[in-house]
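Asker: The structure file structure38.pdb (PDB, C-alpha atoms) is provided below.
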```
ATOM      1  CA  MET A   1      31.517  28.079 -65.854
ATOM      2  CA  GLY A   2      30.607  31.765 -65.941
ATOM      3  CA  ALA A   3      28.652  31.097 -69.144
ATOM      4  CA  TRP A   4      25.791  29.628 -67.116
ATOM      5  CA  ALA A   5      23.597  32.468 -65.885
ATOM      6  CA  TYR A   6      22.023  31.864 -62.494
ATOM      7  CA  ARG A   7      18.383  32.420 -63.363
ATOM      8  CA  LYS A   8      15.256  30.491 -62.557
ATOM      9  CA  GLY A   9      14.194  27.869 -65.062
ATOM     10  CA  LEU A  10      15.498  25.361 -67.543
ATOM     11  CA  HIS A  11      19.117  25.451 -68.739
ATOM     12  CA  ASP A  12      20.147  23.414 -71.774
ATOM     13  CA  LEU A  13      23.599  22.025 -71.002
ATOM     14  CA  GLY A  14      23.889  20.382 -74.419
ATOM     15  CA  ASN A  15      23.690  16.850 -75.819
ATOM     16  CA  GLY A  16      20.483  15.883 -74.012
ATOM     17  CA  VAL A  17      21.194  17.069 -70.461
ATOM     18  CA  TRP A  18      19.495  19.937 -68.670
ATOM     19  CA  ALA A  19      19.414  21.657 -65.296
ATOM     20  CA  TYR A  20      16.399  23.331 -63.704
ATOM     21  CA  LEU A  21      17.566  26.016 -61.277
ATOM     22  CA  GLN A  22      15.776  27.901 -58.497
ATOM     23  CA  PRO A  23      17.589  30.984 -57.214
ATOM     24  CA  ASP A  24      18.537  31.967 -54.630
ATOM     25  CA  GLY A  25      19.314  28.358 -53.673
ATOM     26  CA  GLY A  26      18.466  28.917 -50.003
ATOM     27  CA  TRP A  27      16.171  26.899 -47.738
ATOM     28  CA  GLY A  28      13.914  24.806 -50.001
ATOM     29  CA  TRP A  29      15.006  26.352 -53.297
ATOM     30  CA  SER A  30      16.535  23.238 -54.854
ATOM     31  CA  ASN A  31      17.646  22.281 -58.354
ATOM     32  CA  SER A  32      16.589  19.390 -60.592
ATOM     33  CA  GLY A  33      18.067  17.735 -63.662
ATOM     34  CA  PHE A  34      16.798  16.068 -66.820
ATOM     35  CA  ILE A  35      18.536  13.512 -69.043
ATOM     36  CA  ALA A  36      17.203  12.353 -72.421
ATOM     37  CA  SER A  37      18.489  10.110 -75.212
ATOM     38  CA  GLY A  38      16.993   7.830 -77.841
ATOM     39  CA  GLY A  39      13.406   8.417 -76.796
ATOM     40  CA  GLU A  40      14.128   7.656 -73.123
ATOM     41  CA  ASN A  41      14.499  10.096 -70.258
ATOM     42  CA  LEU A  42      14.709  10.543 -66.509
ATOM     43  CA  LEU A  43      14.267  13.343 -64.019
ATOM     44  CA  VAL A  44      16.761  13.978 -61.223
ATOM     45  CA  ASP A  45      14.694  15.090 -58.203
ATOM     46  CA  THR A  46      11.429  16.988 -57.968
ATOM     47  CA  LEU A  47      10.796  20.213 -56.043
ATOM     48  CA  PHE A  48       9.508  21.271 -52.613
ATOM     49  CA  ASP A  49       5.826  21.601 -53.388
ATOM     50  CA  LEU A  50       3.267  20.708 -56.042
ATOM     51  CA  PRO A  51       2.897  24.163 -57.667
ATOM     52  CA  LEU A  52       6.667  24.523 -58.152
ATOM     53  CA  THR A  53       6.965  20.997 -59.540
ATOM     54  CA  ALA A  54       3.978  21.511 -61.840
ATOM     55  CA  GLU A  55       5.569  24.690 -63.193
ATOM     56  CA  MET A  56       8.840  22.842 -63.839
ATOM     57  CA  LEU A  57       7.048  19.987 -65.595
ATOM     58  CA  ARG A  58       5.145  22.428 -67.830
ATOM     59  CA  ILE A  59       8.422  24.037 -68.874
ATOM     60  CA  LEU A  60      10.080  20.663 -69.495
ATOM     61  CA  ARG A  61       7.165  19.473 -71.636
ATOM     62  CA  ALA A  62       7.091  22.699 -73.630
ATOM     63  CA  SER A  63      10.848  22.660 -74.238
ATOM     64  CA  ILE A  64      11.964  19.034 -74.607
ATOM     65  CA  PRO A  65      10.444  16.454 -76.981
ATOM     66  CA  GLY A  66       9.222  13.415 -75.061
ATOM     67  CA  ALA A  67       9.219  15.139 -71.676
ATOM     68  CA  ASP A  68       5.448  14.689 -71.463
ATOM     69  CA  ARG A  69       6.217  11.029 -70.679
ATOM     70  CA  ILE A  70       8.945  10.861 -68.037
ATOM     71  CA  GLY A  71      10.213   7.326 -67.587
ATOM     72  CA  ALA A  72      11.881   7.588 -64.187
ATOM     73  CA  ILE A  73      12.711   9.850 -61.272
ATOM     74  CA  ILE A  74      15.970   9.541 -59.383
ATOM     75  CA  ASN A  75      15.681  10.880 -55.845
ATOM     76  CA  THR A  76      19.163  11.829 -54.673
ATOM     77  CA  HIS A  77      18.046  11.835 -51.012
ATOM     78  CA  ASN A  78      14.851  11.899 -48.997
ATOM     79  CA  ASN A  79      14.462  15.594 -48.095
ATOM     80  CA  GLY A  80      11.170  17.103 -49.200
ATOM     81  CA  ASP A  81      12.702  19.788 -51.400
ATOM     82  CA  HIS A  82      13.895  16.954 -53.655
ATOM     83  CA  THR A  83      10.904  14.596 -53.357
ATOM     84  CA  PHE A  84       7.632  16.359 -52.498
ATOM     85  CA  GLY A  85       6.679  16.733 -56.175
ATOM     86  CA  ASN A  86       7.065  13.042 -57.035
ATOM     87  CA  GLN A  87       3.327  12.358 -57.254
ATOM     88  CA  LEU A  88       2.963  14.668 -60.262
ATOM     89  CA  VAL A  89       5.216  12.521 -62.457
ATOM     90  CA  GLU A  90       2.561   9.892 -63.078
ATOM     91  CA  GLY A  91       3.673   6.479 -64.277
ATOM     92  CA  ALA A  92       7.371   7.106 -63.668
ATOM     93  CA  ARG A  93       9.560   4.629 -61.866
ATOM     94  CA  ILE A  94      11.066   6.102 -58.701
ATOM     95  CA  ILE A  95      14.694   5.058 -58.279
ATOM     96  CA  ALA A  96      16.325   5.448 -54.877
ATOM     97  CA  THR A  97      18.559   3.677 -52.407
ATOM     98  CA  ARG A  98      16.835   1.572 -49.773
ATOM     99  CA  SER A  99      17.828   4.137 -47.165
ATOM    100  CA  VAL A 100      16.309   7.013 -49.169
ATOM    101  CA  ALA A 101      13.112   5.020 -49.666
ATOM    102  CA  GLU A 102      12.888   4.347 -45.929
ATOM    103  CA  GLY A 103      13.504   8.017 -45.195
ATOM    104  CA  MET A 104      10.750   9.076 -47.592
ATOM    105  CA  GLU A 105       8.284   6.953 -45.634
ATOM    106  CA  TYR A 106       8.837   9.287 -42.685
ATOM    107  CA  GLU A 107       9.344  12.505 -44.655
ATOM    108  CA  SER A 108       6.090  14.407 -44.442
ATOM    109  CA  PRO A 109       4.923  17.985 -44.852
ATOM    110  CA  ASP A 110       2.720  17.588 -41.758
ATOM    111  CA  ARG A 111       5.199  19.173 -39.332
ATOM    112  CA  LEU A 112       5.751  22.090 -41.664
ATOM    113  CA  LEU A 113       2.001  22.578 -42.025
ATOM    114  CA  GLN A 114       1.656  22.562 -38.229
ATOM    115  CA  VAL A 115       4.381  25.169 -37.829
ATOM    116  CA  LEU A 116       2.899  27.390 -40.526
ATOM    117  CA  ALA A 117      -0.524  27.128 -38.913
ATOM    118  CA  ASP A 118       0.752  28.439 -35.545
ATOM    119  CA  PRO A 119       4.397  29.552 -35.670
ATOM    120  CA  ASP A 120       4.119  31.507 -32.413
ATOM    121  CA  ALA A 121       3.602  28.246 -30.529
ATOM    122  CA  LEU A 122       7.287  27.449 -31.093
ATOM    123  CA  GLY A 123       8.578  30.925 -30.273
ATOM    124  CA  ASP A 124      11.404  32.516 -32.242
ATOM    125  CA  GLY A 125      12.324  29.215 -33.865
ATOM    126  CA  GLY A 126       8.785  28.664 -35.118
ATOM    127  CA  ARG A 127       8.563  32.180 -36.497
ATOM    128  CA  PHE A 128      11.915  31.698 -38.205
ATOM    129  CA  MET A 129      10.709  28.448 -39.808
ATOM    130  CA  ALA A 130       7.504  30.143 -40.937
ATOM    131  CA  GLU A 131       9.380  32.997 -42.598
ATOM    132  CA  ILE A 132      11.638  30.529 -44.426
ATOM    133  CA  PHE A 133       9.083  27.909 -45.396
ATOM    134  CA  GLY A 134       5.966  30.073 -45.640
ATOM    135  CA  ARG A 135       6.858  30.732 -49.283
ATOM    136  CA  PHE A 136       5.954  27.142 -50.165
ATOM    137  CA  ASP A 137       2.562  25.409 -50.442
ATOM    138  CA  PHE A 138       2.651  22.067 -48.624
ATOM    139  CA  THR A 139      -0.979  21.139 -49.169
ATOM    140  CA  GLY A 140      -2.009  18.024 -51.081
ATOM    141  CA  ILE A 141       1.371  16.285 -50.954
ATOM    142  CA  LYS A 142       1.300  12.486 -50.938
ATOM    143  CA  LEU A 143       4.612  10.715 -51.382
ATOM    144  CA  PRO A 144       4.372   7.614 -53.589
ATOM    145  CA  PRO A 145       6.728   4.780 -52.607
ATOM    146  CA  ALA A 146       9.985   4.235 -54.462
ATOM    147  CA  THR A 147       9.709   1.420 -56.995
ATOM    148  CA  ASP A 148      13.341   0.584 -57.862
ATOM    149  CA  LEU A 149      15.649   0.141 -54.872
ATOM    150  CA  PHE A 150      19.382  -0.466 -54.739
ATOM    151  CA  GLU A 151      22.402  -0.122 -52.487
ATOM    152  CA  GLY A 152      25.848   1.238 -53.241
ATOM    153  CA  THR A 153      25.969   1.903 -56.987
ATOM    154  CA  LEU A 154      23.644   1.397 -59.916
ATOM    155  CA  ASP A 155      24.427   1.627 -63.634
ATOM    156  CA  LEU A 156      21.603   2.767 -65.908
ATOM    157  CA  LYS A 157      21.102   3.342 -69.602
ATOM    158  CA  VAL A 158      19.060   6.280 -70.864
ATOM    159  CA  GLY A 159      18.993   5.642 -74.592
ATOM    160  CA  ASP A 160      22.657   5.718 -75.572
ATOM    161  CA  LYS A 161      23.764   7.451 -72.365
ATOM    162  CA  ASP A 162      25.462   5.713 -69.477
ATOM    163  CA  VAL A 163      24.299   7.024 -66.106
ATOM    164  CA  ARG A 164      25.902   5.865 -62.872
ATOM    165  CA  LEU A 165      24.357   6.385 -59.444
ATOM    166  CA  VAL A 166      26.788   6.373 -56.523
ATOM    167  CA  ASP A 167      25.708   6.534 -52.887
ATOM    168  CA  VAL A 168      28.307   8.587 -51.002
ATOM    169  CA  GLY A 169      26.335   8.900 -47.754
ATOM    170  CA  PRO A 170      25.838   9.157 -44.937
ATOM    171  CA  ALA A 171      26.759  12.819 -45.241
ATOM    172  CA  HIS A 172      24.023  15.416 -45.735
ATOM    173  CA  THR A 173      21.486  12.663 -44.986
ATOM    174  CA  ALA A 174      21.709   8.942 -44.366
ATOM    175  CA  SER A 175      22.064   8.349 -48.118
ATOM    176  CA  ASP A 176      23.175  10.841 -50.778
ATOM    177  CA  LEU A 177      23.409  10.039 -54.477
ATOM    178  CA  LEU A 178      25.710  11.436 -57.111
ATOM    179  CA  VAL A 179      24.256  11.059 -60.624
ATOM    180  CA  HIS A 180      27.235  10.815 -62.964
ATOM    181  CA  VAL A 181      26.826  11.117 -66.744
ATOM    182  CA  PRO A 182      30.391  10.346 -67.872
ATOM    183  CA  GLY A 183      29.798  10.804 -71.602
ATOM    184  CA  ASP A 184      28.752  14.392 -70.972
ATOM    185  CA  LYS A 185      31.397  15.080 -68.294
ATOM    186  CA  LEU A 186      28.572  16.036 -65.956
ATOM    187  CA  VAL A 187      27.405  15.178 -62.450
ATOM    188  CA  TYR A 188      24.226  16.049 -60.605
ATOM    189  CA  THR A 189      25.300  16.165 -56.967
ATOM    190  CA  GLY A 190      22.040  16.453 -55.055
ATOM    191  CA  ASP A 191      22.801  18.100 -51.729
ATOM    192  CA  ILE A 192      26.354  16.856 -51.617
ATOM    193  CA  MET A 193      27.058  20.306 -53.019
ATOM    194  CA  PHE A 194      25.506  23.557 -51.849
ATOM    195  CA  HIS A 195      27.136  26.027 -54.227
ATOM    196  CA  GLN A 196      27.623  29.414 -52.523
ATOM    197  CA  GLY A 197      25.580  28.280 -49.535
ATOM    198  CA  HIS A 198      26.285  26.754 -46.149
ATOM    199  CA  ILE A 199      25.630  23.041 -45.871
ATOM    200  CA  VAL A 200      23.156  21.368 -43.537
ATOM    201  CA  ILE A 201      24.511  18.297 -41.776
ATOM    202  CA  TRP A 202      21.483  16.203 -40.868
ATOM    203  CA  ALA A 203      23.495  12.969 -40.655
ATOM    204  CA  GLY A 204      27.252  13.250 -41.165
ATOM    205  CA  PRO A 205      30.085  12.524 -40.816
ATOM    206  CA  ILE A 206      31.591  15.482 -42.614
ATOM    207  CA  THR A 207      34.586  13.319 -43.558
ATOM    208  CA  ASN A 208      32.285  11.381 -45.925
ATOM    209  CA  TRP A 209      31.285  14.692 -47.473
ATOM    210  CA  ILE A 210      34.913  15.583 -48.072
ATOM    211  CA  ARG A 211      35.541  12.161 -49.617
ATOM    212  CA  ALA A 212      32.550  12.730 -51.911
ATOM    213  CA  CYS A 213      34.197  15.920 -53.174
ATOM    214  CA  ASP A 214      37.387  13.969 -53.792
ATOM    215  CA  LEU A 215      35.398  11.405 -55.772
ATOM    216  CA  ILE A 216      33.853  14.097 -57.972
ATOM    217  CA  LEU A 217      37.287  15.599 -58.588
ATOM    218  CA  SER A 218      38.646  12.165 -59.528
ATOM    219  CA  TRP A 219      36.142  11.969 -62.389
ATOM    220  CA  ASP A 220      36.550  13.614 -65.779
ATOM    221  CA  VAL A 221      33.716  16.073 -65.214
ATOM    222  CA  GLU A 222      33.414  19.693 -66.283
ATOM    223  CA  THR A 223      29.823  20.586 -65.378
ATOM    224  CA  ILE A 224      28.539  20.151 -61.828
ATOM    225  CA  VAL A 225      24.848  20.721 -61.109
ATOM    226  CA  PRO A 226      24.505  21.225 -57.351
ATOM    227  CA  GLY A 227      21.450  20.514 -55.250
ATOM    228  CA  HIS A 228      21.278  24.231 -54.446
ATOM    229  CA  GLY A 229      22.892  27.209 -56.124
ATOM    230  CA  PRO A 230      24.340  28.011 -59.556
ATOM    231  CA  ILE A 231      25.960  25.521 -61.908
ATOM    232  CA  ALA A 232      29.505  24.877 -60.747
ATOM    233  CA  SER A 233      32.969  24.026 -62.065
ATOM    234  CA  ARG A 234      35.738  21.775 -60.794
ATOM    235  CA  GLU A 235      37.328  24.789 -59.132
ATOM    236  CA  ASP A 236      34.056  25.430 -57.302
ATOM    237  CA  VAL A 237      34.139  21.854 -55.987
ATOM    238  CA  ARG A 238      37.700  22.378 -54.748
ATOM    239  CA  ASN A 239      36.611  25.588 -53.024
ATOM    240  CA  PHE A 240      33.628  23.824 -51.475
ATOM    241  CA  ARG A 241      35.863  21.032 -50.213
ATOM    242  CA  GLU A 242      38.100  23.652 -48.615
ATOM    243  CA  TYR A 243      35.028  25.130 -46.891
ATOM    244  CA  LEU A 244      34.058  21.716 -45.503
ATOM    245  CA  GLN A 245      37.538  21.175 -44.103
ATOM    246  CA  TYR A 246      37.575  24.699 -42.664
ATOM    247  CA  LEU A 247      34.234  24.163 -40.914
ATOM    248  CA  HIS A 248      35.478  20.879 -39.447
ATOM    249  CA  ASP A 249      38.766  22.352 -38.245
ATOM    250  CA  GLU A 250      37.229  25.510 -36.744
ATOM    251  CA  ALA A 251      34.649  23.470 -34.829
ATOM    252  CA  ARG A 252      37.334  21.024 -33.670
ATOM    253  CA  ALA A 253      39.545  23.814 -32.339
ATOM    254  CA  ARG A 254      36.687  25.183 -30.252
ATOM    255  CA  TYR A 255      35.683  21.728 -29.044
ATOM    256  CA  ASP A 256      39.257  21.093 -27.909
ATOM    257  CA  ALA A 257      39.246  24.498 -26.160
ATOM    258  CA  GLY A 258      36.224  23.448 -24.094
ATOM    259  CA  MET A 259      33.651  25.740 -25.694
ATOM    260  CA  SER A 260      30.034  24.609 -25.835
ATOM    261  CA  PHE A 261      28.619  23.939 -29.284
ATOM    262  CA  GLN A 262      26.421  27.026 -28.888
ATOM    263  CA  GLU A 263      29.432  29.218 -28.095
ATOM    264  CA  ALA A 264      31.415  27.691 -30.952
ATOM    265  CA  ALA A 265      28.665  28.191 -33.516
ATOM    266  CA  PHE A 266      28.412  31.908 -32.750
ATOM    267  CA  ASP A 267      32.187  32.320 -32.512
ATOM    268  CA  ILE A 268      33.258  30.852 -35.862
ATOM    269  CA  ARG A 269      33.996  33.376 -38.612
ATOM    270  CA  PHE A 270      34.129  32.181 -42.188
ATOM    271  CA  GLY A 271      36.541  34.564 -43.859
ATOM    272  CA  LYS A 272      36.605  33.884 -47.607
ATOM    273  CA  PHE A 273      33.400  31.865 -47.239
ATOM    274  CA  ASP A 274      31.503  34.634 -45.450
ATOM    275  CA  HIS A 275      29.385  35.377 -48.526
ATOM    276  CA  PHE A 276      27.854  31.882 -48.409
ATOM    277  CA  GLY A 277      24.128  32.042 -47.758
ATOM    278  CA  ASP A 278      22.140  30.696 -44.797
ATOM    279  CA  ALA A 279      24.963  31.000 -42.275
ATOM    280  CA  GLU A 280      22.559  30.204 -39.427
ATOM    281  CA  ARG A 281      22.969  26.547 -40.422
ATOM    282  CA  THR A 282      26.287  26.740 -38.597
ATOM    283  CA  VAL A 283      24.284  26.012 -35.429
ATOM    284  CA  ILE A 284      23.062  22.656 -36.780
ATOM    285  CA  ASN A 285      26.439  21.834 -38.254
ATOM    286  CA  VAL A 286      28.482  22.503 -35.130
ATOM    287  CA  HIS A 287      25.985  20.547 -33.026
ATOM    288  CA  VAL A 288      26.484  17.526 -35.303
ATOM    289  CA  LEU A 289      30.259  18.000 -35.461
ATOM    290  CA  TYR A 290      30.477  18.080 -31.668
ATOM    291  CA  GLY A 291      28.621  14.772 -31.730
ATOM    292  CA  GLU A 292      31.241  13.379 -34.091
ATOM    293  CA  PHE A 293      34.055  14.561 -31.826
ATOM    294  CA  ALA A 294      32.483  13.338 -28.573
ATOM    295  CA  GLY A 295      30.768  10.177 -29.798
ATOM    296  CA  GLU A 296      27.295  11.555 -29.070
ATOM    297  CA  ARG A 297      25.583  14.823 -29.868
ATOM    298  CA  PRO A 298      25.122  17.430 -27.123
ATOM    299  CA  VAL A 299      21.712  17.230 -25.468
ATOM    300  CA  VAL A 300      19.362  19.997 -26.588
ATOM    301  CA  GLN A 301      15.855  20.934 -25.576
ATOM    302  CA  PRO A 302      13.027  20.589 -28.136
ATOM    303  CA  GLY A 303      13.142  23.534 -30.515
ATOM    304  CA  GLU A 304      16.500  24.799 -29.194
ATOM    305  CA  ILE A 305      18.332  24.395 -32.513
ATOM    306  CA  TRP A 306      15.739  26.442 -34.405
ATOM    307  CA  ASN A 307      15.642  29.084 -31.678
ATOM    308  CA  LEU A 308      19.420  29.385 -31.874
ATOM    309  CA  MET A 309      19.280  29.651 -35.662
ATOM    310  CA  ALA A 310      16.708  32.433 -35.383
ATOM    311  CA  ARG A 311      19.018  34.286 -33.005
ATOM    312  CA  TYR A 312      22.033  33.675 -35.252
ATOM    313  CA  ALA A 313      20.195  35.026 -38.312
ATOM    314  CA  LYS A 314      19.058  38.131 -36.403
ATOM    315  CA  GLU A 315      22.534  38.863 -35.073
ATOM    316  CA  ARG A 316      24.088  38.314 -38.496
ATOM    317  CA  GLN A 317      21.623  40.716 -40.098
ATOM    318  CA  ALA A 318      22.532  43.362 -37.522
ATOM    319  CA  ARG A 319      26.249  42.731 -38.012
ATOM    320  CA  ASN A 320      25.894  43.063 -41.792
ATOM    321  CA  GLY A 321      23.974  46.306 -41.612
ATOM    322  CA  CYS A 322      20.432  45.209 -42.423
ATOM    323  CA  ALA A 323      18.860  45.200 -38.966
ATOM    324  CA  GLY A 324      15.602  46.362 -40.509
ATOM    325  CA  CYS A 325      15.503  43.550 -43.040
ATOM    326  CA  SER A 326      12.260  41.571 -42.833
ATOM    327  CA  ASP A 327      13.776  38.411 -44.293
ATOM    328  CA  PRO A 328      15.743  36.274 -41.806
ATOM    329  CA  ALA A 329      17.058  34.182 -44.686
ATOM    330  CA  HIS A 330      18.629  37.225 -46.359
ATOM    331  CA  ARG A 331      21.756  35.944 -48.042
ATOM    332  CA  HIS A 332      24.885  38.118 -47.658
TER     333      HIS A 332
END
```
When written as structure tokens, how does the structure in this file appear?
Answerer:
Amino acid sequence: MGAWAYRKGLHDLGNGVWAYLQPDGGWGWSNSGFIASGGENLLVDTLFDLPLTAEMLRILRASIPGADRIGAIINTHNNGDHTFGNQLVEGARIIATRSVAEGMEYESPDRLLQVLADPDALGDGGRFMAEIFGRFDFTGIKLPPATDLFEGTLDLKVGDKDVRLVDVGPAHTASDLLVHVPGDKLVYTGDIMFHQGHIVIWAGPITNWIRACDLILSWDVETIVPGHGPIASREDVRNFREYLQYLHDEARARYDAGMSFQEAAFDIRFGKFDHFGDAERTVINVHVLYGEFAGERPVVQPGEIWNLMARYAKERQARNGCAGCSDPAHRH
């Protein structure tokens, strides 16, 4: 898949399918997809704020006939970097699982706006969040409700194209959709795949995530559009699956050795996966994995996870020789 350059903007994948990519794929920099056939179309996810989504829609409309009238949005999950632009696609149906729709009711930019207004109030964790999310504009966002709800799987037609939606969650979130276009040997994965980046486990279990990779590999697909990162191949999915298993096994070994989740998170080394971006997410991930192993997540104080991630990012920067770097999300 080296033919697909990792650059911002619209990528024509051929035969009426497109990807819209946002390097570097880190916190908030998500991808979207577009499918068109026979005068019908749909958008796979919107972006993290209204200006970014408006820019994407302008490019779609200038590049693709009929994209000025988008028939439907599929939201692969409820996180804001895949939903906060929904209101700009006026008149479109919003297709989501019931769980995603419920999650969107509680997904709001308000907390992010509060943090950005006074990051010092939350200490190192608040400042870390502000440096990550301060690049986005969360004003004016109003999430419209989903209109078309389903559970499990849903088969759609977009003109002559078959499109199958498969809920493989809970994994990243409580519900995560794969958008499979079998005729084009393509799948939009949402955040079931972070290509060249560390995952974020908000829900789990990670075993569902691994099974989702197995499902993708069982399909006759050649082009994989991840929720974050460059367009991927089947070999990239196999590598990502190996990373998931490695993360699980390394956390399990430290849990069995009696280490705290904090100690384990800072102790794990990723070897061949060390170039993956946003390694500070290991703190969240090990906290959730310890919950899977023990039956309940370790008790943490408010803000502790973000404070630990800020510390992790700072220590990683120092270890990688960029102690003076002003960007805590610097991807190595």
Asker: Which residues are close to stretch 285-287 of chain A, i.e. within 7 Å by all atoms listed in the file, leaving aside same-chain residues fewer than 5 positions away? Reply as a VMD selection string.
Answerer: chain A and resid 200 to 201 251 261 265 297 to 298
Asker: Residues near stretch 151-164 of chain A, anyone? I mean within 6 Å using only C-alpha atoms, not counting same-chain ones fewer than 5 positions away, as a list in words.
Answerer: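 Once the adjacent positions are removed, what remains is Ser37, Gly38, Glu40, Asn41, Thr97, Val179, His180 and Val181 of chain A.
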Asker: List as a Markdown table every residue of stretch 100-165 of chain A that is in contact with stretch 86-92 of chain A, defined as an atom at most 10 Å from one of its atoms (using only C-alpha atoms), together with the nearest atom pair and the distance in Å rounded to one decimal, sorted by chain and then rising number.
Answerer:
```
| residue | atom | partner | partner_atom | distance |
| --- | --- | --- | --- | --- |
| A:Gly140 | CA | A:Gln87 | CA | 9.9 |
| A:Ile141 | CA | A:Gln87 | CA | 7.7 |
| A:Lys142 | CA | A:Gln87 | CA | 6.6 |
| A:Leu143 | CA | A:Gln87 | CA | 6.2 |
| A:Pro144 | CA | A:Gln87 | CA | 6.1 |
| A:Pro145 | CA | A:Asn86 | CA | 9.4 |
| A:Ala146 | CA | A:Asn86 | CA | 9.6 |
| A:Thr147 | CA | A:Ala92 | CA | 9.1 |
```
Asker: If you count all atoms listed in the file, which residues fall within 9 Å of A:His248, apart from same-chain ones fewer than 2 positions away, as a VMD selection string?
Answerer: chain A and resid 206 to 207 243 to 246 250 to 253 286 289
Asker: Could you please determine the separation between atom CA of A:Leu113 and atom CA of A:Gly291 in Å, to one decimal place?
Answerer: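 Atom CA of A:Leu113 sits 29.6 Å away from atom CA of A:Gly291.
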Asker: If I take atom CA of A:Ser99 and atom CA of A:Trp18, how far is one from the other in Å, to one decimal?
Answerer: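 These two atoms are separated by 26.7 Å.
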Asker: Could you give me, as a ChimeraX atom specification, the residues within 9 Å of A:His77, counting only C-alpha atoms and dropping anything in the same chain fewer than 3 positions from it?
Answerer: /A:45,74,80,82-83,96-97,99-101,103-104,172-177,190-191
Asker: I'd like the interatomic distance between atom CA of A:Thr53 and atom CA of A:Gln196, to a tenth of an Å.
Answerer: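 These atoms are spaced 23.4 Å apart.
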Asker: Using only C-alpha atoms, can you list as a PyMOL selection string the residues within 10 Å of (4.6, 27.6, -35.8)?
Answerer: chain A and resi 111-131
Asker: Could you dump the residues just selected with C-alpha atoms as a compact mmCIF listing (two decimals), in the coordinates of the input?
Answerer:
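For reference, again-v6.txt as written:
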```
# COMPACT_ATOMS: atom_id res chain seq x y z
CA ARG A 111 5.20 19.17 -39.33
CA LEU A 112 5.75 22.09 -41.66
CA LEU A 113 2.00 22.58 -42.02
CA GLN A 114 1.66 22.56 -38.23
CA VAL A 115 4.38 25.17 -37.83
CA LEU A 116 2.90 27.39 -40.53
CA ALA A 117 -0.52 27.13 -38.91
CA ASP A 118 0.75 28.44 -35.54
CA PRO A 119 4.40 29.55 -35.67
CA ASP A 120 4.12 31.51 -32.41
CA ALA A 121 3.60 28.25 -30.53
CA LEU A 122 7.29 27.45 -31.09
CA GLY A 123 8.58 30.92 -30.27
CA ASP A 124 11.40 32.52 -32.24
CA GLY A 125 12.32 29.22 -33.86
CA GLY A 126 8.78 28.66 -35.12
CA ARG A 127 8.56 32.18 -36.50
CA PHE A 128 11.92 31.70 -38.20
CA MET A 129 10.71 28.45 -39.81
CA ALA A 130 7.50 30.14 -40.94
CA GLU A 131 9.38 33.00 -42.60
```
Asker: Counting only C-alpha atoms, which of A:Phe48, A:Phe150, A:Phe270, A:Trp4 gets nearest to A:Gly28?
Answerer: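 Closest candidate: A:Phe48.
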Asker: Counting all atoms listed in the file, find residues at most 12 Å from (18.5, 27.2, -69.3) (file frame) and give them as a compact mmCIF listing (two decimals) with C-alpha atoms, in the frame of the given file.
Answerer:
```txt
# COMPACT_ATOMS: atom_id res chain seq x y z
CA ALA A 3 28.65 31.10 -69.14
CA TRP A 4 25.79 29.63 -67.12
CA ALA A 5 23.60 32.47 -65.89
CA TYR A 6 22.02 31.86 -62.49
CA ARG A 7 18.38 32.42 -63.36
CA LYS A 8 15.26 30.49 -62.56
CA GLY A 9 14.19 27.87 -65.06
CA LEU A 10 15.50 25.36 -67.54
CA HIS A 11 19.12 25.45 -68.74
CA ASP A 12 20.15 23.41 -71.77
CA LEU A 13 23.60 22.02 -71.00
CA GLY A 14 23.89 20.38 -74.42
CA VAL A 17 21.19 17.07 -70.46
CA TRP A 18 19.50 19.94 -68.67
CA ALA A 19 19.41 21.66 -65.30
CA TYR A 20 16.40 23.33 -63.70
CA LEU A 21 17.57 26.02 -61.28
CA GLN A 22 15.78 27.90 -58.50
CA SER A 32 16.59 19.39 -60.59
CA GLY A 33 18.07 17.74 -63.66
CA PHE A 34 16.80 16.07 -66.82
CA MET A 56 8.84 22.84 -63.84
CA ILE A 59 8.42 24.04 -68.87
CA LEU A 60 10.08 20.66 -69.50
CA SER A 63 10.85 22.66 -74.24
CA ILE A 64 11.96 19.03 -74.61
CA PRO A 230 24.34 28.01 -59.56
CA ILE A 231 25.96 25.52 -61.91
```
